[in-house]
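> For reference, the file target22.cif (mmCIF, C-alpha atoms, pLDDT in the B column; chains and numbers go by the auth columns) is included below:
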```cif
data_run
#
loop_
_atom_site.group_PDB
_atom_site.id
_atom_site.type_symbol
_atom_site.label_atom_id
_atom_site.label_comp_id
_atom_site.label_asym_id
_atom_site.label_seq_id
_atom_site.Cartn_x
_atom_site.Cartn_y
_atom_site.Cartn_z
_atom_site.B_iso_or_equiv
_atom_site.auth_seq_id
_atom_site.auth_asym_id
ATOM 1 C CA MET A 1 0.000 0.000 0.000 62.00 1 Q
ATOM 2 C CA LEU A 2 2.841 2.351 0.864 61.00 2 Q
ATOM 3 C CA SER A 3 4.619 1.611 -2.358 73.00 3 Q
ATOM 4 C CA MET A 4 1.427 2.368 -4.311 74.00 4 Q
ATOM 5 C CA ASN A 5 1.124 5.768 -2.634 73.00 5 Q
ATOM 6 C CA ILE A 6 4.744 6.532 -3.403 76.00 6 Q
ATOM 7 C CA LEU A 7 4.169 5.587 -7.040 76.00 7 Q
ATOM 8 C CA VAL A 8 1.121 7.842 -7.256 73.00 8 Q
ATOM 9 C CA LEU A 9 3.037 10.727 -5.687 76.00 9 Q
ATOM 10 C CA LEU A 10 5.905 10.135 -8.083 79.00 10 Q
ATOM 11 C CA VAL A 11 3.572 10.202 -11.076 74.00 11 Q
ATOM 12 C CA LEU A 12 1.940 13.395 -9.829 72.00 12 Q
ATOM 13 C CA ALA A 13 5.337 14.987 -9.273 71.00 13 Q
ATOM 14 C CA VAL A 14 6.428 14.102 -12.803 72.00 14 Q
ATOM 15 C CA ALA A 15 3.186 15.445 -14.259 74.00 15 Q
ATOM 16 C CA PHE A 16 3.555 18.637 -12.249 74.00 16 Q
ATOM 17 C CA PHE A 17 7.155 19.029 -13.389 76.00 17 Q
ATOM 18 C CA VAL A 18 6.246 18.517 -17.041 75.00 18 Q
ATOM 19 C CA SER A 19 3.378 21.008 -16.923 77.00 19 Q
ATOM 20 C CA ALA A 20 5.134 23.573 -14.722 82.00 20 Q
ATOM 21 C CA VAL A 21 8.622 23.739 -16.203 85.00 21 Q
ATOM 22 C CA LYS A 22 9.053 25.321 -19.610 86.00 22 Q
ATOM 23 C CA ILE A 23 12.205 26.091 -21.566 87.00 23 Q
ATOM 24 C CA MET A 24 12.170 29.191 -23.751 90.00 24 Q
ATOM 25 C CA PRO A 25 14.709 29.604 -26.569 91.00 25 Q
ATOM 26 C CA GLU A 26 16.703 32.793 -26.976 91.00 26 Q
ATOM 27 C CA TYR A 27 14.428 34.213 -29.714 91.00 27 Q
ATOM 28 C CA GLU A 28 11.139 33.748 -27.807 93.00 28 Q
ATOM 29 C CA ARG A 29 9.481 35.317 -24.792 93.00 29 Q
ATOM 30 C CA ALA A 30 6.632 33.969 -22.674 93.00 30 Q
ATOM 31 C CA VAL A 31 3.838 36.359 -21.695 93.00 31 Q
ATOM 32 C CA ILE A 32 2.432 34.937 -18.444 93.00 32 Q
ATOM 33 C CA PHE A 33 -1.202 35.341 -17.358 94.00 33 Q
ATOM 34 C CA ARG A 34 -2.099 34.361 -13.790 91.00 34 Q
ATOM 35 C CA LEU A 35 -5.811 33.947 -13.257 89.00 35 Q
ATOM 36 C CA GLY A 36 -6.398 36.152 -16.286 87.00 36 Q
ATOM 37 C CA ARG A 37 -4.103 38.963 -15.133 91.00 37 Q
ATOM 38 C CA ILE A 38 -0.769 39.540 -16.788 91.00 38 Q
ATOM 39 C CA ILE A 39 2.281 39.256 -14.553 91.00 39 Q
ATOM 40 C CA GLY A 40 4.978 39.970 -17.164 90.00 40 Q
ATOM 41 C CA ALA A 41 7.124 38.458 -19.882 92.00 41 Q
ATOM 42 C CA LYS A 42 9.697 35.802 -19.004 89.00 42 Q
ATOM 43 C CA GLY A 43 12.541 34.118 -20.813 84.00 43 Q
ATOM 44 C CA PRO A 44 14.738 33.003 -22.325 89.00 44 Q
ATOM 45 C CA GLY A 45 15.749 29.913 -20.418 88.00 45 Q
ATOM 46 C CA LEU A 46 13.928 27.927 -17.752 88.00 46 Q
ATOM 47 C CA ILE A 47 10.631 29.246 -16.406 89.00 47 Q
ATOM 48 C CA ILE A 48 8.197 27.718 -13.930 87.00 48 Q
ATOM 49 C CA LEU A 49 4.420 27.960 -14.206 88.00 49 Q
ATOM 50 C CA ILE A 50 1.706 27.070 -11.748 85.00 50 Q
ATOM 51 C CA PRO A 51 -0.476 24.446 -13.431 83.00 51 Q
ATOM 52 C CA TYR A 52 -4.111 25.413 -14.079 83.00 52 Q
ATOM 53 C CA ILE A 53 -3.401 28.917 -12.739 88.00 53 Q
ATOM 54 C CA ASP A 54 -0.784 30.335 -15.090 89.00 54 Q
ATOM 55 C CA ARG A 55 -1.228 30.514 -18.860 90.00 55 Q
ATOM 56 C CA MET A 56 1.654 31.197 -21.241 91.00 56 Q
ATOM 57 C CA VAL A 57 1.606 32.841 -24.681 93.00 57 Q
ATOM 58 C CA ARG A 58 4.743 32.511 -26.775 93.00 58 Q
ATOM 59 C CA VAL A 59 5.941 35.533 -28.771 94.00 59 Q
ATOM 60 C CA ASP A 60 8.636 35.246 -31.443 93.00 60 Q
ATOM 61 C CA LEU A 61 11.110 38.152 -31.417 94.00 61 Q
ATOM 62 C CA ARG A 62 12.783 37.360 -34.734 94.00 62 Q
ATOM 63 C CA THR A 63 12.370 39.530 -37.814 94.00 63 Q
ATOM 64 C CA VAL A 64 9.307 38.509 -39.817 94.00 64 Q
ATOM 65 C CA THR A 65 9.194 38.796 -43.614 94.00 65 Q
ATOM 66 C CA LEU A 66 5.709 39.895 -44.665 94.00 66 Q
ATOM 67 C CA ASP A 67 4.821 39.558 -48.336 93.00 67 Q
ATOM 68 C CA VAL A 68 2.279 42.214 -49.330 93.00 68 Q
ATOM 69 C CA PRO A 69 0.151 40.882 -52.227 91.00 69 Q
ATOM 70 C CA PRO A 70 -0.277 42.985 -55.395 91.00 70 Q
ATOM 71 C CA GLN A 71 -2.561 45.947 -54.846 90.00 71 Q
ATOM 72 C CA ASP A 72 -4.641 47.642 -57.572 88.00 72 Q
ATOM 73 C CA ILE A 73 -3.629 51.315 -57.498 89.00 73 Q
ATOM 74 C CA ILE A 74 -4.694 54.323 -59.577 87.00 74 Q
ATOM 75 C CA THR A 75 -1.963 56.940 -59.623 87.00 75 Q
ATOM 76 C CA ARG A 76 -2.532 60.681 -59.578 86.00 76 Q
ATOM 77 C CA ASP A 77 -2.238 60.823 -63.380 83.00 77 Q
ATOM 78 C CA ASN A 78 -4.999 58.153 -63.724 84.00 78 Q
ATOM 79 C CA VAL A 79 -2.795 55.163 -64.566 84.00 79 Q
ATOM 80 C CA SER A 80 -3.911 51.780 -63.234 86.00 80 Q
ATOM 81 C CA VAL A 81 -1.008 49.680 -61.895 89.00 81 Q
ATOM 82 C CA LYS A 82 -0.460 46.726 -59.584 90.00 82 Q
ATOM 83 C CA VAL A 83 2.157 47.160 -56.865 92.00 83 Q
ATOM 84 C CA SER A 84 3.497 44.520 -54.496 92.00 84 Q
ATOM 85 C CA ALA A 85 5.937 44.956 -51.628 94.00 85 Q
ATOM 86 C CA VAL A 86 7.731 43.174 -48.807 95.00 86 Q
ATOM 87 C CA VAL A 87 7.808 44.357 -45.183 96.00 87 Q
ATOM 88 C CA TYR A 88 10.342 43.403 -42.506 96.00 88 Q
ATOM 89 C CA PHE A 89 9.199 43.827 -38.896 96.00 89 Q
ATOM 90 C CA ARG A 90 9.856 42.399 -35.435 95.00 90 Q
ATOM 91 C CA VAL A 91 8.286 42.504 -31.969 95.00 91 Q
ATOM 92 C CA LEU A 92 10.040 44.754 -29.456 94.00 92 Q
ATOM 93 C CA ASP A 93 7.486 44.619 -26.621 94.00 93 Q
ATOM 94 C CA PRO A 94 5.826 41.177 -26.252 94.00 94 Q
ATOM 95 C CA ILE A 95 3.297 42.424 -23.709 94.00 95 Q
ATOM 96 C CA LYS A 96 1.931 45.156 -25.986 94.00 96 Q
ATOM 97 C CA ALA A 97 1.916 42.767 -28.960 94.00 97 Q
ATOM 98 C CA ILE A 98 -0.402 40.412 -27.036 93.00 98 Q
ATOM 99 C CA ILE A 99 -2.581 42.824 -25.048 93.00 99 Q
ATOM 100 C CA ASP A 100 -3.012 45.886 -27.283 91.00 100 Q
ATOM 101 C CA VAL A 101 -3.879 44.069 -30.532 93.00 101 Q
ATOM 102 C CA ALA A 102 -5.699 40.813 -31.212 90.00 102 Q
ATOM 103 C CA ASP A 103 -3.330 39.566 -33.947 91.00 103 Q
ATOM 104 C CA PHE A 104 -0.328 41.802 -34.556 93.00 104 Q
ATOM 105 C CA HIS A 105 0.762 39.832 -37.631 93.00 105 Q
ATOM 106 C CA PHE A 106 -2.609 40.170 -39.365 94.00 106 Q
ATOM 107 C CA ALA A 107 -2.962 43.808 -38.257 94.00 107 Q
ATOM 108 C CA THR A 108 0.479 44.699 -39.640 94.00 108 Q
ATOM 109 C CA SER A 109 -0.358 42.948 -42.921 94.00 109 Q
ATOM 110 C CA GLN A 110 -3.607 44.859 -43.397 94.00 110 Q
ATOM 111 C CA LEU A 111 -2.003 48.145 -42.422 95.00 111 Q
ATOM 112 C CA ALA A 112 0.827 47.554 -44.917 95.00 112 Q
ATOM 113 C CA GLN A 113 -1.661 46.961 -47.745 94.00 113 Q
ATOM 114 C CA THR A 114 -3.680 50.103 -47.062 93.00 114 Q
ATOM 115 C CA THR A 115 -0.555 52.238 -46.611 94.00 115 Q
ATOM 116 C CA LEU A 116 0.911 50.922 -49.873 93.00 116 Q
ATOM 117 C CA ARG A 117 -2.260 51.868 -51.772 91.00 117 Q
ATOM 118 C CA SER A 118 -2.427 55.285 -50.120 91.00 118 Q
ATOM 119 C CA VAL A 119 1.203 56.307 -50.691 92.00 119 Q
ATOM 120 C CA CYS A 120 1.482 54.997 -54.251 89.00 120 Q
ATOM 121 C CA GLY A 121 -1.860 56.550 -55.211 88.00 121 Q
ATOM 122 C CA GLN A 122 -0.664 60.023 -54.224 88.00 122 Q
ATOM 123 C CA GLY A 123 2.130 60.153 -56.810 84.00 123 Q
ATOM 124 C CA GLU A 124 2.381 60.010 -60.569 85.00 124 Q
ATOM 125 C CA MET A 125 3.506 56.951 -62.479 84.00 125 Q
ATOM 126 C CA ASP A 126 6.896 58.431 -63.411 82.00 126 Q
ATOM 127 C CA ASN A 127 7.615 59.217 -59.763 84.00 127 Q
ATOM 128 C CA LEU A 128 6.516 55.724 -58.786 85.00 128 Q
ATOM 129 C CA LEU A 129 9.090 54.231 -61.146 83.00 129 Q
ATOM 130 C CA ALA A 130 11.937 56.686 -60.558 84.00 130 Q
ATOM 131 C CA GLU A 131 11.652 57.529 -56.850 87.00 131 Q
ATOM 132 C CA ARG A 132 11.202 54.065 -55.413 88.00 132 Q
ATOM 133 C CA ASP A 133 13.624 54.644 -52.517 89.00 133 Q
ATOM 134 C CA GLU A 134 11.677 57.691 -51.363 91.00 134 Q
ATOM 135 C CA ILE A 135 8.401 55.753 -51.525 92.00 135 Q
ATOM 136 C CA ASN A 136 9.929 52.921 -49.497 93.00 136 Q
ATOM 137 C CA GLU A 137 11.024 55.362 -46.800 93.00 137 Q
ATOM 138 C CA ARG A 138 7.589 57.008 -46.642 93.00 138 Q
ATOM 139 C CA ILE A 139 5.780 53.681 -46.279 94.00 139 Q
ATOM 140 C CA GLN A 140 8.270 52.487 -43.654 94.00 140 Q
ATOM 141 C CA SER A 141 7.895 55.699 -41.653 94.00 141 Q
ATOM 142 C CA ILE A 142 4.076 55.502 -41.656 94.00 142 Q
ATOM 143 C CA LEU A 143 4.002 51.813 -40.717 95.00 143 Q
ATOM 144 C CA ASP A 144 6.585 52.250 -37.970 94.00 144 Q
ATOM 145 C CA LYS A 145 4.589 55.100 -36.439 94.00 145 Q
ATOM 146 C CA ASP A 146 1.267 53.236 -36.564 93.00 146 Q
ATOM 147 C CA THR A 147 2.606 49.919 -35.231 94.00 147 Q
ATOM 148 C CA ALA A 148 4.620 51.431 -32.363 94.00 148 Q
ATOM 149 C CA PRO A 149 1.636 51.221 -29.908 94.00 149 Q
ATOM 150 C CA TRP A 150 1.505 47.469 -30.642 94.00 150 Q
ATOM 151 C CA GLY A 151 5.148 46.932 -29.657 94.00 151 Q
ATOM 152 C CA VAL A 152 6.077 46.223 -33.287 95.00 152 Q
ATOM 153 C CA LYS A 153 9.058 47.770 -35.081 95.00 153 Q
ATOM 154 C CA VAL A 154 8.954 48.001 -38.892 95.00 154 Q
ATOM 155 C CA GLY A 155 12.568 47.966 -39.969 92.00 155 Q
ATOM 156 C CA LYS A 156 12.353 48.079 -43.765 93.00 156 Q
ATOM 157 C CA VAL A 157 9.872 48.222 -46.635 94.00 157 Q
ATOM 158 C CA GLU A 158 10.716 47.450 -50.260 93.00 158 Q
ATOM 159 C CA VAL A 159 8.422 47.873 -53.261 92.00 159 Q
ATOM 160 C CA LYS A 160 8.960 44.566 -54.991 88.00 160 Q
ATOM 161 C CA GLU A 161 7.150 44.780 -58.326 87.00 161 Q
ATOM 162 C CA ILE A 162 5.217 47.346 -60.359 86.00 162 Q
ATOM 163 C CA ASP A 163 3.005 45.751 -63.014 85.00 163 Q
ATOM 164 C CA LEU A 164 2.047 48.185 -65.780 81.00 164 Q
ATOM 165 C CA PRO A 165 -0.730 47.681 -68.372 75.00 165 Q
ATOM 166 C CA GLU A 166 0.343 46.483 -71.808 76.00 166 Q
ATOM 167 C CA GLU A 167 -0.765 49.745 -73.462 77.00 167 Q
ATOM 168 C CA MET A 168 1.363 51.757 -71.054 72.00 168 Q
ATOM 169 C CA ARG A 169 4.367 49.525 -71.718 70.00 169 Q
ATOM 170 C CA ARG A 170 4.082 50.118 -75.459 75.00 170 Q
ATOM 171 C CA ALA A 171 3.758 53.863 -74.921 72.00 171 Q
ATOM 172 C CA MET A 172 6.845 53.895 -72.686 71.00 172 Q
ATOM 173 C CA ALA A 173 8.772 51.853 -75.279 73.00 173 Q
ATOM 174 C CA LYS A 174 7.878 54.398 -77.974 78.00 174 Q
ATOM 175 C CA GLN A 175 8.925 57.231 -75.690 77.00 175 Q
ATOM 176 C CA ALA A 176 12.268 55.558 -74.966 77.00 176 Q
ATOM 177 C CA GLU A 177 12.832 54.931 -78.686 78.00 177 Q
ATOM 178 C CA ALA A 178 12.102 58.572 -79.509 82.00 178 Q
ATOM 179 C CA GLU A 179 14.474 59.692 -76.768 81.00 179 Q
ATOM 180 C CA ARG A 180 17.271 57.492 -78.137 83.00 180 Q
ATOM 181 C CA GLU A 181 16.666 58.822 -81.661 85.00 181 Q
ATOM 182 C CA ARG A 182 16.810 62.386 -80.361 86.00 182 Q
ATOM 183 C CA ARG A 183 20.115 61.700 -78.647 87.00 183 Q
ATOM 184 C CA SER A 184 21.478 60.105 -81.824 87.00 184 Q
ATOM 185 C CA LYS A 185 20.593 63.192 -83.874 87.00 185 Q
ATOM 186 C CA VAL A 186 22.128 65.489 -81.287 89.00 186 Q
ATOM 187 C CA ILE A 187 25.339 63.446 -81.256 90.00 187 Q
ATOM 188 C CA ASN A 188 25.509 63.465 -85.074 88.00 188 Q
ATOM 189 C CA ALA A 189 24.921 67.207 -85.178 88.00 189 Q
ATOM 190 C CA GLU A 190 27.585 67.743 -82.534 89.00 190 Q
ATOM 191 C CA GLY A 191 30.021 65.642 -84.577 87.00 191 Q
ATOM 192 C CA GLU A 192 29.264 67.634 -87.739 86.00 192 Q
ATOM 193 C CA TYR A 193 29.787 70.873 -85.846 86.00 193 Q
ATOM 194 C CA GLN A 194 33.143 69.755 -84.486 88.00 194 Q
ATOM 195 C CA ALA A 195 34.231 68.488 -87.918 85.00 195 Q
ATOM 196 C CA ALA A 196 33.245 71.795 -89.551 85.00 196 Q
ATOM 197 C CA GLN A 197 35.112 73.715 -86.868 86.00 197 Q
ATOM 198 C CA ARG A 198 38.244 71.648 -87.438 84.00 198 Q
ATOM 199 C CA LEU A 199 37.969 72.136 -91.207 78.00 199 Q
ATOM 200 C CA ALA A 200 37.653 75.878 -90.709 82.00 200 Q
ATOM 201 C CA ASP A 201 40.793 75.857 -88.553 81.00 201 Q
ATOM 202 C CA ALA A 202 42.632 73.787 -91.174 77.00 202 Q
ATOM 203 C CA ALA A 203 41.541 76.140 -93.957 76.00 203 Q
ATOM 204 C CA GLU A 204 42.798 79.111 -91.994 78.00 204 Q
ATOM 205 C CA ILE A 205 46.204 77.456 -91.518 76.00 205 Q
ATOM 206 C CA ILE A 206 46.436 76.520 -95.213 73.00 206 Q
ATOM 207 C CA THR A 207 45.541 80.094 -96.205 75.00 207 Q
ATOM 208 C CA GLN A 208 48.547 81.359 -94.315 75.00 208 Q
ATOM 209 C CA ASN A 209 50.856 78.861 -96.094 73.00 209 Q
ATOM 210 C CA PRO A 210 49.716 77.949 -99.676 69.00 210 Q
ATOM 211 C CA ALA A 211 52.394 75.252 -99.981 69.00 211 Q
ATOM 212 C CA ALA A 212 50.481 73.146 -97.475 70.00 212 Q
ATOM 213 C CA LEU A 213 47.628 72.812 -99.987 67.00 213 Q
ATOM 214 C CA GLN A 214 50.022 71.352 -102.599 69.00 214 Q
ATOM 215 C CA LEU A 215 51.382 68.858 -100.084 71.00 215 Q
ATOM 216 C CA ARG A 216 47.878 67.823 -99.130 72.00 216 Q
ATOM 217 C CA TYR A 217 46.995 67.408 -102.796 69.00 217 Q
ATOM 218 C CA LEU A 218 49.992 65.142 -103.427 70.00 218 Q
ATOM 219 C CA GLN A 219 49.192 63.103 -100.336 74.00 219 Q
ATOM 220 C CA THR A 220 45.665 62.546 -101.659 72.00 220 Q
ATOM 221 C CA LEU A 221 47.083 61.310 -105.001 69.00 221 Q
ATOM 222 C CA ARG A 222 49.315 58.881 -103.152 71.00 222 Q
ATOM 223 C CA ASP A 223 46.382 57.491 -101.219 71.00 223 Q
ATOM 224 C CA ILE A 224 44.428 57.003 -104.443 69.00 224 Q
ATOM 225 C CA ALA A 225 47.373 55.249 -106.115 67.00 225 Q
ATOM 226 C CA THR A 226 47.634 52.631 -103.353 68.00 226 Q
ATOM 227 C CA GLU A 227 44.161 51.275 -104.189 62.00 227 Q
ATOM 228 C CA ASN A 228 45.428 49.612 -107.428 63.00 228 Q
ATOM 229 C CA ASN A 229 43.111 51.547 -109.704 59.00 229 Q
ATOM 230 C CA SER A 230 43.649 51.120 -113.439 56.00 230 Q
ATOM 231 C CA THR A 231 42.881 54.753 -114.189 61.00 231 Q
ATOM 232 C CA THR A 232 43.389 57.747 -111.954 58.00 232 Q
ATOM 233 C CA ILE A 233 41.796 61.050 -112.886 61.00 233 Q
ATOM 234 C CA PHE A 234 42.803 64.094 -110.919 59.00 234 Q
ATOM 235 C CA PRO A 235 42.234 67.786 -111.563 61.00 235 Q
ATOM 236 C CA VAL A 236 45.082 70.189 -112.125 60.00 236 Q
ATOM 237 C CA PRO A 237 45.100 72.831 -109.422 59.00 237 Q
ATOM 238 C CA VAL A 238 44.774 76.417 -110.587 57.00 238 Q
ATOM 239 C CA ASP A 239 47.748 77.457 -108.480 59.00 239 Q
ATOM 240 C CA LEU A 240 49.950 75.066 -110.435 57.00 240 Q
ATOM 241 C CA ILE A 241 49.237 76.639 -113.832 59.00 241 Q
ATOM 242 C CA LYS A 242 48.850 80.194 -112.588 61.00 242 Q
ATOM 243 C CA MET A 243 52.584 80.777 -112.938 56.00 243 Q
ATOM 244 C CA PHE A 244 52.445 80.034 -116.682 56.00 244 Q
ATOM 245 C CA PHE A 245 49.768 82.659 -117.267 58.00 245 Q
ATOM 246 C CA GLU A 246 51.725 85.181 -115.274 58.00 246 Q
ATOM 247 C CA LYS A 247 54.900 84.438 -117.230 55.00 247 Q
ATOM 248 C CA LYS A 248 53.083 84.819 -120.583 55.00 248 Q
ATOM 249 C CA SER A 249 51.632 88.142 -119.520 54.00 249 Q
#
```
Written as structure tokens, that's how I'd like the structure from this file.

Amino acid sequence: MLSMNILVLLVLAVAFFVSAVKIMPEYERAVIFRLGRIIGAKGPGLIILIPYIDRMVRVDLRTVTLDVPPQDIITRDNVSVKVSAVVYFRVLDPIKAIIDVADFHFATSQLAQTTLRSVCGQGEMDNLLAERDEINERIQSILDKDTAPWGVKVGKVEVKEIDLPEEMRRAMAKQAEAERERRSKVINAEGEYQAAQRLADAAEIITQNPAALQLRYLQTLRDIATENNSTTIFPVPVDLIKMFFEKKS
């Protein structure tokens, strides 16, 4: 009979130990409720609970990656786009995350979606494509301010993808093609201007020394002769025969 009582006490002690002793890892905290009233957050390490009196809620303190699904947005210049993003946040205060909001993960997700639509809808499409870093900072600042009462810290927000309509893509492609053609014409015109300026400088130098024109003429004949042409036709410069007319006069 005594041994049976000892066995029962041993079983009860083991059951009490299993239900009362909890081990919390480094990245988790335990929010303890005693008879419905919160007594604080414990962990990491070994914690002891009173069975049937204490209730524990685990809170993960690691950074959570929240994928914001694509949102239908109409920009200020009436362009319909779909924008998706990713939000990185973590819990700083486990007690606030459990008491002040029913589900901080779901609340942060919904708040991120509405903030993404609001911020992206206030700008034009060109700004949405070119100033993505500024938009990320604005969304992160708004989310961080609104989730602070929940004990949640939003560390970073990145706009992941901007899906444009097919008509808008074709229009942007035409615009980019026209811009490249404009740059090509400007570069060609700039090259012609520089070439004309160099020719004007060369003509001014040759005017000061007429013998340079004869040397250039002979150099051109030599270049033509190296191409193995059967017949070479070249004009006689006026300066070459001018001396004969002067001598006859």
> Near stretch 89-97 of chain Q, counting only C-alpha atoms, which residues have an atom at most 12 Å away, once you skip same-chain residues fewer than 3 positions from it, shown as a ChimeraX atom specification?
/Q:27-33,37-43,56-67,86,100-109,112,140,143-144,147-157
> Can those selected residues be exported to a file as a compact mmCIF listing (two decimals), keeping the file's coordinate frame so that it contains C-alpha atoms?

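Output contents, as saved in result.txt:
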```txt
# COMPACT_ATOMS: atom_id res chain seq x y z
CA TYR Q 27 14.43 34.21 -29.71
CA GLU Q 28 11.14 33.75 -27.81
CA ARG Q 29 9.48 35.32 -24.79
CA ALA Q 30 6.63 33.97 -22.67
CA VAL Q 31 3.84 36.36 -21.70
CA ILE Q 32 2.43 34.94 -18.44
CA PHE Q 33 -1.20 35.34 -17.36
CA ARG Q 37 -4.10 38.96 -15.13
CA ILE Q 38 -0.77 39.54 -16.79
CA ILE Q 39 2.28 39.26 -14.55
CA GLY Q 40 4.98 39.97 -17.16
CA ALA Q 41 7.12 38.46 -19.88
CA LYS Q 42 9.70 35.80 -19.00
CA GLY Q 43 12.54 34.12 -20.81
CA MET Q 56 1.65 31.20 -21.24
CA VAL Q 57 1.61 32.84 -24.68
CA ARG Q 58 4.74 32.51 -26.78
CA VAL Q 59 5.94 35.53 -28.77
CA ASP Q 60 8.64 35.25 -31.44
CA LEU Q 61 11.11 38.15 -31.42
CA ARG Q 62 12.78 37.36 -34.73
CA THR Q 63 12.37 39.53 -37.81
CA VAL Q 64 9.31 38.51 -39.82
CA THR Q 65 9.19 38.80 -43.61
CA LEU Q 66 5.71 39.90 -44.66
CA ASP Q 67 4.82 39.56 -48.34
CA VAL Q 86 7.73 43.17 -48.81
CA ASP Q 100 -3.01 45.89 -27.28
CA VAL Q 101 -3.88 44.07 -30.53
CA ALA Q 102 -5.70 40.81 -31.21
CA ASP Q 103 -3.33 39.57 -33.95
CA PHE Q 104 -0.33 41.80 -34.56
CA HIS Q 105 0.76 39.83 -37.63
CA PHE Q 106 -2.61 40.17 -39.36
CA ALA Q 107 -2.96 43.81 -38.26
CA THR Q 108 0.48 44.70 -39.64
CA SER Q 109 -0.36 42.95 -42.92
CA ALA Q 112 0.83 47.55 -44.92
CA GLN Q 140 8.27 52.49 -43.65
CA LEU Q 143 4.00 51.81 -40.72
CA ASP Q 144 6.58 52.25 -37.97
CA THR Q 147 2.61 49.92 -35.23
CA ALA Q 148 4.62 51.43 -32.36
CA PRO Q 149 1.64 51.22 -29.91
CA TRP Q 150 1.50 47.47 -30.64
CA GLY Q 151 5.15 46.93 -29.66
CA VAL Q 152 6.08 46.22 -33.29
CA LYS Q 153 9.06 47.77 -35.08
CA VAL Q 154 8.95 48.00 -38.89
CA GLY Q 155 12.57 47.97 -39.97
CA LYS Q 156 12.35 48.08 -43.76
CA VAL Q 157 9.87 48.22 -46.64
```
> When you draw a straight line from atom CA of Q:Glu177 to atom CA of Q:Ala130, how long is it in Å?
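Going from atom CA of Q:Glu177 over to atom CA of Q:Ala130, I get 18.2 Å.
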> Have a look at Q:Leu111, Q:Ala200, Q:Met125, Q:Leu218 and name the one nearest to Q:Arg76; count all atoms listed in the file.
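Closest residue, counting all atoms listed in the file: Q:Met125.
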> If you measure from atom CA of Q:Val87 to atom CA of Q:Thr75, what distance in Å do you get, rounded to one decimal?
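Atom CA of Q:Thr75 lies at a distance of 21.5 Å from atom CA of Q:Val87.
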> For stretch 5-22 of chain Q, list every protein, DNA or RNA residue within 6 Å, evaluated using all atoms listed in the file, and leave out those in the same chain fewer than 6 positions away; present the list as a list in words.
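The neighbour list is Leu46, Ile47, Ile48, Leu49, Ile50 and Pro51 of chain Q.
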> Restricting the calculation to all atoms listed in the file: of Q:Ile73, Q:Leu215, Q:Ile187, Q:Ile23, which residue gets closest to Q:Thr115?
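Distance minimum relative to Q:Thr115 lands on Q:Ile73.
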> Of the candidates Q:Leu129, Q:Pro69, Q:Gly123, Q:Arg222, which shows the shortest atom-to-atom distance to Q:Met172, using all atoms listed in the file?
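Among the listed residues, Q:Leu129 lies closest to Q:Met172.
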> Between atom CA of Q:Ala173 and atom CA of Q:Val79, what is the distance in Å, rounded to a tenth?
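Atom-to-atom, atom CA of Q:Ala173 and atom CA of Q:Val79 are spaced 16.1 Å apart.
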> Kindly resolve the PyMOL selection byres ((chain Q and resi 117) around 10) on the present coordinates and return the residues as a short mmCIF file (atom, residue, chain, number, x, y, z; two decimals) with C-alpha atoms, in the coordinates of the input.

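And here's out-v9.cif as it stands now:
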```cif
data_model
loop_
_atom_site.label_atom_id
_atom_site.label_comp_id
_atom_site.auth_asym_id
_atom_site.auth_seq_id
_atom_site.Cartn_x
_atom_site.Cartn_y
_atom_site.Cartn_z
CA PRO Q 70 -0.28 42.98 -55.40
CA GLN Q 71 -2.56 45.95 -54.85
CA ASP Q 72 -4.64 47.64 -57.57
CA ILE Q 73 -3.63 51.32 -57.50
CA ILE Q 74 -4.69 54.32 -59.58
CA THR Q 75 -1.96 56.94 -59.62
CA LYS Q 82 -0.46 46.73 -59.58
CA VAL Q 83 2.16 47.16 -56.86
CA SER Q 84 3.50 44.52 -54.50
CA ALA Q 112 0.83 47.55 -44.92
CA GLN Q 113 -1.66 46.96 -47.74
CA THR Q 114 -3.68 50.10 -47.06
CA THR Q 115 -0.56 52.24 -46.61
CA LEU Q 116 0.91 50.92 -49.87
CA SER Q 118 -2.43 55.28 -50.12
CA VAL Q 119 1.20 56.31 -50.69
CA CYS Q 120 1.48 55.00 -54.25
CA GLY Q 121 -1.86 56.55 -55.21
CA GLN Q 122 -0.66 60.02 -54.22
CA ILE Q 139 5.78 53.68 -46.28
#
```
> Once the PyMOL selection byres ((chain Q and resi 161) around 7) is applied to the coordinates I shared, what remains selected? I want it as a ChimeraX atom specification.
/Q:83-85,159-160,162-163
> Quick one: everything within 9 Å of Q:Arg132, counting only C-alpha atoms, minus sequence neighbours fewer than 5 positions away in the same chain. Send it as a short mmCIF file (atom, residue, chain, number, x, y, z; two decimals) with C-alpha atoms, in the frame of the given file.

```cif
data_model
loop_
_atom_site.label_atom_id
_atom_site.label_comp_id
_atom_site.auth_asym_id
_atom_site.auth_seq_id
_atom_site.Cartn_x
_atom_site.Cartn_y
_atom_site.Cartn_z
CA ASN Q 127 7.62 59.22 -59.76
CA GLU Q 137 11.02 55.36 -46.80
CA GLU Q 158 10.72 47.45 -50.26
CA VAL Q 159 8.42 47.87 -53.26
#
```
> Nearest to Q:Ser80: which of Q:Ala176, Q:Ala189, Q:Met168, Q:Ile98 is it, counting only C-alpha atoms?
Q:Met168
